[in-house]
Structures are given as C-alpha cells and as structure tokens.
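Here is the structure we will look at, set down as structure tokens.
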Amino acid sequence: MALLTIAKLGNPVLRQVAAPVDPDDIGSRAFQQFIDDMLETMHQADGIGLAAPQVSRSQQLAVMACPGENGFPQTVLVNPRIVYYGPHQAETWEGCLSVDGLRGKVVRPTMVRVQGLDRHGSPLDFEATDLFAICIQHELDHLNGKLFLDRMTDLSTLTQLDEFDRYWKKEHATVI
Ligand code: NI
C-alpha cells in the first residue's frame, strides 16, 4: 500500500465535479489497490473520511470509517447519491484534510438515505444518521467540488485549531 498526497485548498481538483466510476473497473486490481491506498491515507492522516478528488483523482469514490462508540463502520462508496434527506438538522464542527488547521460550524440534515455501489460493485441502499450522515454529506460534497467552507452560513465560527481546542472544544460538539 502507499500513502497518497492530499490536495489542499486552492488546488483546482477540489473544485471539479468528479466523473462517475465505470462499474466494470471496480473489480480491477488497480482500482482495489487505489481504495486500499485511500483508506491507508485517511487513517494515517487521522481523518474519518476521504474522497478521491482529495488525492487528485476526480472520480466518484469516497471512503470513511470512525471507530468507537459514536462512530460508524468502514464504508466505501462508489458513484453515491443521496436520495432522501431527513427533516431534522444539527450543527456540527467540521474540518477537512484538505483544509489545514481550520474548523467551522455547518448545519446539515441528521439523516440521509444513500444509494450507490460498494467496493465490490454491489448495489448499496441504506440510511445513515448522526455523525455517519454528516460525514457522508461532507464526502459527497467533495465529489461535487464543494468544501465545508461553502456550507458555512456563519463565517464567524471559522476557527483555527489551537483556538478551537482552547475555546470551543468544551462544547462537546461533534467534530468531523
Ligand atoms: Ni473534507
């Protein structure tokens, strides 16, 4: 496996709309290797989600995993789409491996229904809630050239990491 270089804010690849993956390619050794490399890169960077455009590959693929009590299982999404948003919304502190050192509050629906393909090309259709739902929306935004900064309705919450730890961490807010 290999660690991939993470594209940072300002890299145009983060602003492109990603192309669909050809389902016939999913089973190839190269694509499977790429998925494993993305998972390793995400874990190494202490992230809970990573989308292919973040490693400069503009394709509709995202990986995510968050171990622990309020976490969610490892998930690989190919050509995903959200087909339903739940009626309730929550405010979450978000950060991004492509946006170094910043966090900001974003309001998103707390439930989504997702369809797509898994890493074997099999159809997926499931509902996700809470942190899992937020992470899915954040990663799918990457596939559409969007960053959490675009989703912030109140830029006054934009916070550097040290200041987040000092002033805001005690809110016990969920952090993505
Ligand atoms: Ni991100």
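Simple scheme: letters A, B, ... for chains in structure tokens order, numbers from 1 for residues in each chain, numbers from 1 for ligands in the order shown.
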
Would you list the contacts of Leu147 (chain A) as a short mmCIF file (atom, residue, chain, number, x, y, z; two decimals) with C-alpha atoms, in the first residue's frame, taking every protein, DNA or RNA residue within 12 Å and counting only C-alpha atoms, but skipping same-chain residues closer than 2 positions in sequence?
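Produced file around-v2.cif, reproduced below:
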```
data_model
loop_
_atom_site.label_atom_id
_atom_site.label_comp_id
_atom_site.auth_asym_id
_atom_site.auth_seq_id
_atom_site.Cartn_x
_atom_site.Cartn_y
_atom_site.Cartn_z
CA LYS A 8 -5.13 21.22 -0.33
CA LEU A 9 -7.47 24.20 -0.52
CA GLY A 10 -6.70 26.11 -3.69
CA ASN A 11 -5.95 23.02 -5.77
CA VAL A 13 -9.09 19.43 -8.47
CA LEU A 14 -11.08 20.10 -5.30
CA ARG A 15 -13.46 22.30 -7.30
CA GLN A 16 -14.17 19.88 -10.13
CA VAL A 17 -17.27 17.73 -10.38
CA ALA A 51 -12.91 11.48 -1.22
CA PRO A 53 -10.68 14.29 -5.54
CA GLN A 54 -8.76 14.93 -2.31
CA GLU A 94 -16.38 20.31 10.64
CA GLY A 95 -12.82 20.21 9.46
CA CYS A 96 -11.25 18.72 6.36
CA LEU A 97 -7.98 17.02 5.47
CA SER A 98 -7.77 19.43 2.52
CA VAL A 99 -8.22 22.49 4.75
CA ARG A 103 -12.80 24.25 11.83
CA GLY A 104 -16.20 25.75 11.32
CA VAL A 106 -22.03 23.61 9.48
CA GLN A 137 -22.71 14.61 3.13
CA HIS A 138 -19.24 16.12 3.62
CA GLU A 139 -17.61 13.48 1.39
CA LEU A 140 -20.30 13.67 -1.29
CA ASP A 141 -19.81 17.43 -1.35
CA HIS A 142 -16.19 16.74 -2.34
CA LEU A 143 -17.47 14.75 -5.33
CA ASN A 144 -19.36 17.85 -6.41
CA GLY A 145 -16.45 20.24 -5.97
CA LEU A 149 -16.46 26.23 3.92
CA ASP A 150 -19.10 26.64 1.19
CA ARG A 151 -21.71 25.19 3.54
CA MET A 152 -21.00 27.56 6.42
#
```

Within region 1-175 of chain A, find each residue whose DSSP state, derived from the backbone, is alpha helix (DSSP H), and express the selection as a short mmCIF file (atom, residue, chain, number, x, y, z; two decimals) with all heavy atoms, in the first residue's frame.
```
data_model
loop_
_atom_site.label_atom_id
_atom_site.label_comp_id
_atom_site.auth_asym_id
_atom_site.auth_seq_id
_atom_site.Cartn_x
_atom_site.Cartn_y
_atom_site.Cartn_z
N ARG A 29 -7.57 -4.82 -10.31
CA ARG A 29 -6.55 -4.79 -9.27
C ARG A 29 -6.13 -3.35 -8.95
O ARG A 29 -5.95 -2.98 -7.80
CB ARG A 29 -5.34 -5.58 -9.77
CG ARG A 29 -4.39 -5.98 -8.71
CD ARG A 29 -3.41 -6.97 -9.30
NE ARG A 29 -2.42 -7.31 -8.33
CZ ARG A 29 -1.79 -8.48 -8.31
NH1 ARG A 29 -2.07 -9.38 -9.21
NH2 ARG A 29 -0.89 -8.72 -7.39
N ALA A 30 -6.02 -2.54 -9.99
CA ALA A 30 -5.58 -1.16 -9.79
C ALA A 30 -6.59 -0.36 -8.97
O ALA A 30 -6.23 0.41 -8.09
CB ALA A 30 -5.35 -0.49 -11.15
N PHE A 31 -7.88 -0.57 -9.25
CA PHE A 31 -8.91 0.19 -8.52
C PHE A 31 -8.98 -0.27 -7.07
O PHE A 31 -9.11 0.54 -6.14
CB PHE A 31 -10.26 0.05 -9.21
CG PHE A 31 -11.28 1.07 -8.76
CD1 PHE A 31 -11.24 2.37 -9.24
CD2 PHE A 31 -12.25 0.73 -7.84
CE1 PHE A 31 -12.16 3.32 -8.82
CE2 PHE A 31 -13.18 1.67 -7.41
CZ PHE A 31 -13.14 2.96 -7.90
N GLN A 32 -8.90 -1.59 -6.86
CA GLN A 32 -8.92 -2.12 -5.49
C GLN A 32 -7.71 -1.61 -4.70
O GLN A 32 -7.82 -1.28 -3.51
CB GLN A 32 -8.94 -3.66 -5.52
CG GLN A 32 -10.25 -4.23 -6.05
CD GLN A 32 -11.44 -3.88 -5.16
OE1 GLN A 32 -11.38 -4.03 -3.94
NE2 GLN A 32 -12.52 -3.39 -5.76
N GLN A 33 -6.59 -1.54 -5.36
CA GLN A 33 -5.38 -1.00 -4.72
C GLN A 33 -5.58 0.47 -4.35
O GLN A 33 -5.18 0.93 -3.28
CB GLN A 33 -4.18 -1.15 -5.65
CG GLN A 33 -2.87 -0.63 -5.07
CD GLN A 33 -2.38 -1.48 -3.91
OE1 GLN A 33 -2.17 -2.67 -4.07
NE2 GLN A 33 -2.25 -0.87 -2.74
N PHE A 34 -6.21 1.20 -5.26
CA PHE A 34 -6.46 2.62 -5.01
C PHE A 34 -7.36 2.80 -3.78
O PHE A 34 -7.11 3.68 -2.93
CB PHE A 34 -7.09 3.26 -6.25
CG PHE A 34 -7.37 4.73 -6.09
CD1 PHE A 34 -6.36 5.63 -5.78
CD2 PHE A 34 -8.66 5.21 -6.26
CE1 PHE A 34 -6.63 6.98 -5.63
CE2 PHE A 34 -8.93 6.56 -6.12
CZ PHE A 34 -7.92 7.44 -5.79
N ILE A 35 -8.38 1.97 -3.66
CA ILE A 35 -9.26 2.04 -2.48
C ILE A 35 -8.45 1.79 -1.21
O ILE A 35 -8.57 2.53 -0.21
CB ILE A 35 -10.42 1.02 -2.59
CG1 ILE A 35 -11.38 1.43 -3.70
CG2 ILE A 35 -11.15 0.89 -1.27
CD1 ILE A 35 -12.44 0.38 -4.03
N ASP A 36 -7.60 0.77 -1.23
CA ASP A 36 -6.79 0.47 -0.05
C ASP A 36 -5.83 1.61 0.26
O ASP A 36 -5.61 1.94 1.44
CB ASP A 36 -6.02 -0.84 -0.25
CG ASP A 36 -6.93 -2.05 -0.21
OD1 ASP A 36 -8.00 -1.97 0.45
OD2 ASP A 36 -6.58 -3.09 -0.80
N ASP A 37 -5.28 2.22 -0.76
CA ASP A 37 -4.38 3.35 -0.55
C ASP A 37 -5.13 4.55 0.05
O ASP A 37 -4.60 5.26 0.91
CB ASP A 37 -3.73 3.77 -1.88
CG ASP A 37 -2.70 2.77 -2.37
OD1 ASP A 37 -2.30 1.89 -1.57
OD2 ASP A 37 -2.30 2.86 -3.54
N MET A 38 -6.36 4.74 -0.41
CA MET A 38 -7.15 5.84 0.17
C MET A 38 -7.46 5.58 1.64
O MET A 38 -7.38 6.49 2.47
CB MET A 38 -8.46 6.02 -0.62
CG MET A 38 -8.28 6.78 -1.92
SD MET A 38 -9.84 7.16 -2.72
CE MET A 38 -10.69 8.12 -1.49
N LEU A 39 -7.81 4.34 1.97
CA LEU A 39 -8.09 4.00 3.37
C LEU A 39 -6.85 4.22 4.22
O LEU A 39 -6.92 4.80 5.32
CB LEU A 39 -8.57 2.55 3.48
CG LEU A 39 -10.01 2.30 3.00
CD1 LEU A 39 -10.26 0.81 2.79
CD2 LEU A 39 -11.02 2.86 4.01
N GLU A 40 -5.70 3.79 3.73
CA GLU A 40 -4.48 3.95 4.49
C GLU A 40 -4.14 5.44 4.67
O GLU A 40 -3.74 5.88 5.75
CB GLU A 40 -3.32 3.23 3.79
CG GLU A 40 -2.07 3.18 4.66
CD GLU A 40 -0.87 2.59 3.93
OE1 GLU A 40 -0.92 2.41 2.71
OE2 GLU A 40 0.13 2.34 4.63
N THR A 41 -4.32 6.20 3.61
CA THR A 41 -4.04 7.64 3.66
C THR A 41 -4.96 8.33 4.67
O THR A 41 -4.52 9.17 5.46
CB THR A 41 -4.22 8.26 2.26
OG1 THR A 41 -3.34 7.59 1.35
CG2 THR A 41 -3.92 9.74 2.27
N MET A 42 -6.24 7.93 4.67
CA MET A 42 -7.20 8.52 5.61
C MET A 42 -6.82 8.19 7.05
O MET A 42 -6.80 9.08 7.92
CB MET A 42 -8.60 7.98 5.31
CG MET A 42 -9.68 8.45 6.27
SD MET A 42 -11.26 7.66 5.96
CE MET A 42 -10.97 6.02 6.63
N HIS A 43 -6.49 6.93 7.31
CA HIS A 43 -6.13 6.54 8.68
C HIS A 43 -4.86 7.25 9.13
O HIS A 43 -4.77 7.74 10.25
CB HIS A 43 -5.94 5.02 8.76
CG HIS A 43 -7.23 4.25 8.64
ND1 HIS A 43 -8.34 4.51 9.42
CD2 HIS A 43 -7.58 3.24 7.82
CE1 HIS A 43 -9.32 3.69 9.08
NE2 HIS A 43 -8.89 2.90 8.11
N GLN A 44 -3.89 7.30 8.23
CA GLN A 44 -2.61 7.93 8.56
C GLN A 44 -2.80 9.40 8.93
O GLN A 44 -2.10 9.95 9.79
CB GLN A 44 -1.67 7.79 7.36
CG GLN A 44 -0.30 8.42 7.56
CD GLN A 44 0.59 7.59 8.46
OE1 GLN A 44 0.41 6.38 8.56
NE2 GLN A 44 1.52 8.24 9.13
N ASP A 130 -26.84 10.82 12.21
CA ASP A 130 -25.86 11.49 13.06
C ASP A 130 -24.50 11.65 12.37
O ASP A 130 -24.46 12.06 11.23
CB ASP A 130 -25.77 10.76 14.41
CG ASP A 130 -27.13 10.68 15.08
OD1 ASP A 130 -27.90 11.66 14.98
OD2 ASP A 130 -27.45 9.63 15.66
N LEU A 131 -23.42 11.29 13.07
CA LEU A 131 -22.09 11.56 12.52
C LEU A 131 -21.87 10.89 11.17
O LEU A 131 -21.24 11.47 10.27
CB LEU A 131 -21.02 11.08 13.52
CG LEU A 131 -19.57 11.32 13.12
CD1 LEU A 131 -19.29 12.82 12.96
CD2 LEU A 131 -18.61 10.71 14.13
N PHE A 132 -22.41 9.70 11.01
CA PHE A 132 -22.27 8.97 9.74
C PHE A 132 -22.94 9.77 8.61
O PHE A 132 -22.38 9.94 7.52
CB PHE A 132 -22.90 7.58 9.89
CG PHE A 132 -22.54 6.60 8.80
CD1 PHE A 132 -21.48 6.82 7.93
CD2 PHE A 132 -23.27 5.42 8.65
CE1 PHE A 132 -21.15 5.90 6.93
CE2 PHE A 132 -22.96 4.49 7.67
CZ PHE A 132 -21.90 4.74 6.80
N ALA A 133 -24.13 10.28 8.90
CA ALA A 133 -24.86 11.06 7.89
C ALA A 133 -24.13 12.35 7.55
O ALA A 133 -24.07 12.75 6.37
CB ALA A 133 -26.27 11.38 8.40
N ILE A 134 -23.55 12.98 8.55
CA ILE A 134 -22.81 14.23 8.33
C ILE A 134 -21.58 13.94 7.47
O ILE A 134 -21.27 14.67 6.52
CB ILE A 134 -22.38 14.86 9.68
CG1 ILE A 134 -23.58 15.10 10.59
CG2 ILE A 134 -21.56 16.13 9.44
CD1 ILE A 134 -24.56 16.09 10.10
N CYS A 135 -20.87 12.86 7.82
CA CYS A 135 -19.65 12.51 7.09
C CYS A 135 -19.98 12.19 5.62
O CYS A 135 -19.27 12.64 4.72
CB CYS A 135 -18.97 11.31 7.77
SG CYS A 135 -17.39 10.89 7.03
N ILE A 136 -21.04 11.46 5.40
CA ILE A 136 -21.44 11.14 4.02
C ILE A 136 -21.70 12.42 3.23
O ILE A 136 -21.25 12.57 2.09
CB ILE A 136 -22.68 10.22 4.03
CG1 ILE A 136 -22.28 8.81 4.47
CG2 ILE A 136 -23.34 10.19 2.65
CD1 ILE A 136 -23.46 7.88 4.74
N GLN A 137 -22.41 13.36 3.84
CA GLN A 137 -22.71 14.61 3.13
C GLN A 137 -21.44 15.40 2.84
O GLN A 137 -21.28 15.97 1.76
CB GLN A 137 -23.69 15.45 3.96
CG GLN A 137 -25.08 14.83 4.02
CD GLN A 137 -25.97 15.55 5.00
OE1 GLN A 137 -26.48 16.64 4.72
NE2 GLN A 137 -26.17 14.96 6.18
N HIS A 138 -20.52 15.41 3.80
CA HIS A 138 -19.24 16.12 3.62
C HIS A 138 -18.45 15.49 2.46
O HIS A 138 -17.94 16.20 1.60
CB HIS A 138 -18.45 16.06 4.93
CG HIS A 138 -17.11 16.70 4.89
ND1 HIS A 138 -16.78 17.79 5.66
CD2 HIS A 138 -15.99 16.39 4.19
CE1 HIS A 138 -15.52 18.14 5.40
NE2 HIS A 138 -15.02 17.30 4.52
N GLU A 139 -18.39 14.15 2.44
CA GLU A 139 -17.61 13.48 1.39
C GLU A 139 -18.29 13.62 0.02
O GLU A 139 -17.62 13.79 -0.99
CB GLU A 139 -17.39 12.00 1.74
CG GLU A 139 -16.64 11.76 3.04
CD GLU A 139 -15.39 12.60 3.19
OE1 GLU A 139 -14.69 12.85 2.18
OE2 GLU A 139 -15.09 13.03 4.30
N LEU A 140 -19.62 13.51 0.00
CA LEU A 140 -20.30 13.67 -1.29
C LEU A 140 -20.18 15.10 -1.81
O LEU A 140 -20.15 15.31 -3.03
CB LEU A 140 -21.77 13.23 -1.19
CG LEU A 140 -22.00 11.77 -1.63
CD1 LEU A 140 -21.27 10.80 -0.73
CD2 LEU A 140 -23.47 11.44 -1.73
N ASP A 141 -20.08 16.06 -0.91
CA ASP A 141 -19.81 17.43 -1.35
C ASP A 141 -18.49 17.48 -2.13
O ASP A 141 -18.40 18.16 -3.15
CB ASP A 141 -19.70 18.37 -0.14
CG ASP A 141 -21.05 18.95 0.26
OD1 ASP A 141 -22.05 18.71 -0.45
OD2 ASP A 141 -21.09 19.66 1.29
N HIS A 142 -17.47 16.76 -1.63
CA HIS A 142 -16.19 16.74 -2.34
C HIS A 142 -16.37 16.25 -3.78
O HIS A 142 -15.67 16.70 -4.68
CB HIS A 142 -15.19 15.82 -1.63
CG HIS A 142 -14.50 16.46 -0.46
ND1 HIS A 142 -13.73 17.59 -0.57
CD2 HIS A 142 -14.45 16.11 0.85
CE1 HIS A 142 -13.24 17.91 0.62
NE2 HIS A 142 -13.67 17.04 1.50
N LEU A 143 -17.27 15.30 -3.98
CA LEU A 143 -17.47 14.75 -5.33
C LEU A 143 -18.15 15.76 -6.25
O LEU A 143 -18.15 15.60 -7.47
CB LEU A 143 -18.28 13.45 -5.26
CG LEU A 143 -17.70 12.34 -4.37
CD1 LEU A 143 -18.55 11.09 -4.44
CD2 LEU A 143 -16.25 12.04 -4.73
N PHE A 148 -16.54 22.18 3.02
CA PHE A 148 -17.43 22.56 4.14
C PHE A 148 -17.51 24.08 4.28
O PHE A 148 -18.51 24.62 4.76
CB PHE A 148 -17.00 21.89 5.45
CG PHE A 148 -15.83 22.53 6.16
CD1 PHE A 148 -16.04 23.53 7.10
CD2 PHE A 148 -14.53 22.12 5.90
CE1 PHE A 148 -14.97 24.12 7.77
CE2 PHE A 148 -13.46 22.71 6.56
CZ PHE A 148 -13.67 23.71 7.49
N LEU A 149 -16.45 24.76 3.85
CA LEU A 149 -16.46 26.23 3.92
C LEU A 149 -17.63 26.81 3.14
O LEU A 149 -18.23 27.83 3.52
CB LEU A 149 -15.14 26.78 3.37
CG LEU A 149 -13.88 26.32 4.09
CD1 LEU A 149 -12.65 26.62 3.25
CD2 LEU A 149 -13.76 26.98 5.45
N ASP A 150 -17.97 26.17 2.02
CA ASP A 150 -19.10 26.64 1.19
C ASP A 150 -20.44 26.46 1.91
O ASP A 150 -21.42 27.11 1.56
CB ASP A 150 -19.16 25.87 -0.13
CG ASP A 150 -17.84 25.89 -0.88
OD1 ASP A 150 -17.21 26.95 -0.89
OD2 ASP A 150 -17.45 24.84 -1.43
N ARG A 151 -20.46 25.53 2.84
CA ARG A 151 -21.71 25.19 3.54
C ARG A 151 -21.92 26.03 4.79
O ARG A 151 -22.97 25.97 5.43
CB ARG A 151 -21.71 23.71 3.95
CG ARG A 151 -21.67 22.74 2.78
CD ARG A 151 -22.95 22.79 2.00
NE ARG A 151 -22.98 21.77 0.95
CZ ARG A 151 -23.85 21.80 -0.05
NH1 ARG A 151 -24.74 22.76 -0.13
NH2 ARG A 151 -23.83 20.86 -0.97
N LEU A 161 -7.21 25.76 14.72
CA LEU A 161 -7.24 24.56 15.56
C LEU A 161 -6.88 24.83 17.02
O LEU A 161 -7.56 24.34 17.92
CB LEU A 161 -6.30 23.51 14.96
CG LEU A 161 -6.80 22.08 14.99
CD1 LEU A 161 -8.22 21.96 14.49
CD2 LEU A 161 -5.88 21.22 14.14
N ASP A 162 -5.83 25.60 17.26
CA ASP A 162 -5.44 25.89 18.66
C ASP A 162 -6.56 26.61 19.39
O ASP A 162 -6.85 26.34 20.56
CB ASP A 162 -4.18 26.76 18.70
CG ASP A 162 -2.94 25.94 18.36
OD1 ASP A 162 -3.03 24.70 18.34
OD2 ASP A 162 -1.88 26.57 18.11
N GLU A 163 -7.18 27.55 18.69
CA GLU A 163 -8.27 28.33 19.29
C GLU A 163 -9.50 27.45 19.49
O GLU A 163 -10.25 27.60 20.46
CB GLU A 163 -8.61 29.55 18.44
CG GLU A 163 -7.62 30.70 18.58
CD GLU A 163 -6.20 30.38 18.14
OE1 GLU A 163 -6.03 29.55 17.22
OE2 GLU A 163 -5.25 30.96 18.71
#
```

Selected residue of minimal separation from Cys66 (chain A) among A:Ala128, A:Leu155, A:Met111, A:Ile48, counting only C-alpha atoms:
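Nearest candidate to Cys66 (chain A) out of A:Ala128, A:Leu155, A:Met111, A:Ile48: A:Ile48.
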
Need the shell around Gln60 (chain A): protein/DNA/RNA residues with any atom at most 7 Å away, counting only C-alpha atoms. Skip same-chain ones fewer than 2 positions apart. Format as an MDAnalysis selection string?
chainID A and resid 18:21 52 58 62 78:79 143

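Each of A:Ile26, A:Ala45, A:Asp118, A:Leu124 was compared to Val63 (chain A) using only C-alpha atoms, and A:Asp118 turns out to be the nearest.
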
Using only C-alpha atoms and all ligand atoms: which of A:Asp25, A:Leu4, A:Pro12, A:Val55 has the shortest distance to ligand 1
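Closest residue, counting only C-alpha atoms and all ligand atoms: A:Val55.
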
DSSP on the backbone: what in chain A comes out strand (DSSP E or B), as a PyMOL selection string?
chain A and resi 19+49-51+59+61-66+72-85+89-96+99-109+111-117+123-129+159-160+175

One decimal, in Å: what's the spacing between CA of Arg166 (chain A) and CA of Thr129 (chain A)?
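These two atoms are separated by 28.8 Å.
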
Ranking A:Pro123, A:Leu77, A:Gly49, A:Lys146 by minimum distance to Met64 (chain A) and counting only C-alpha atoms, which one comes first?
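Ranking A:Pro123, A:Leu77, A:Gly49, A:Lys146 by distance to Met64 (chain A), first place goes to A:Gly49.
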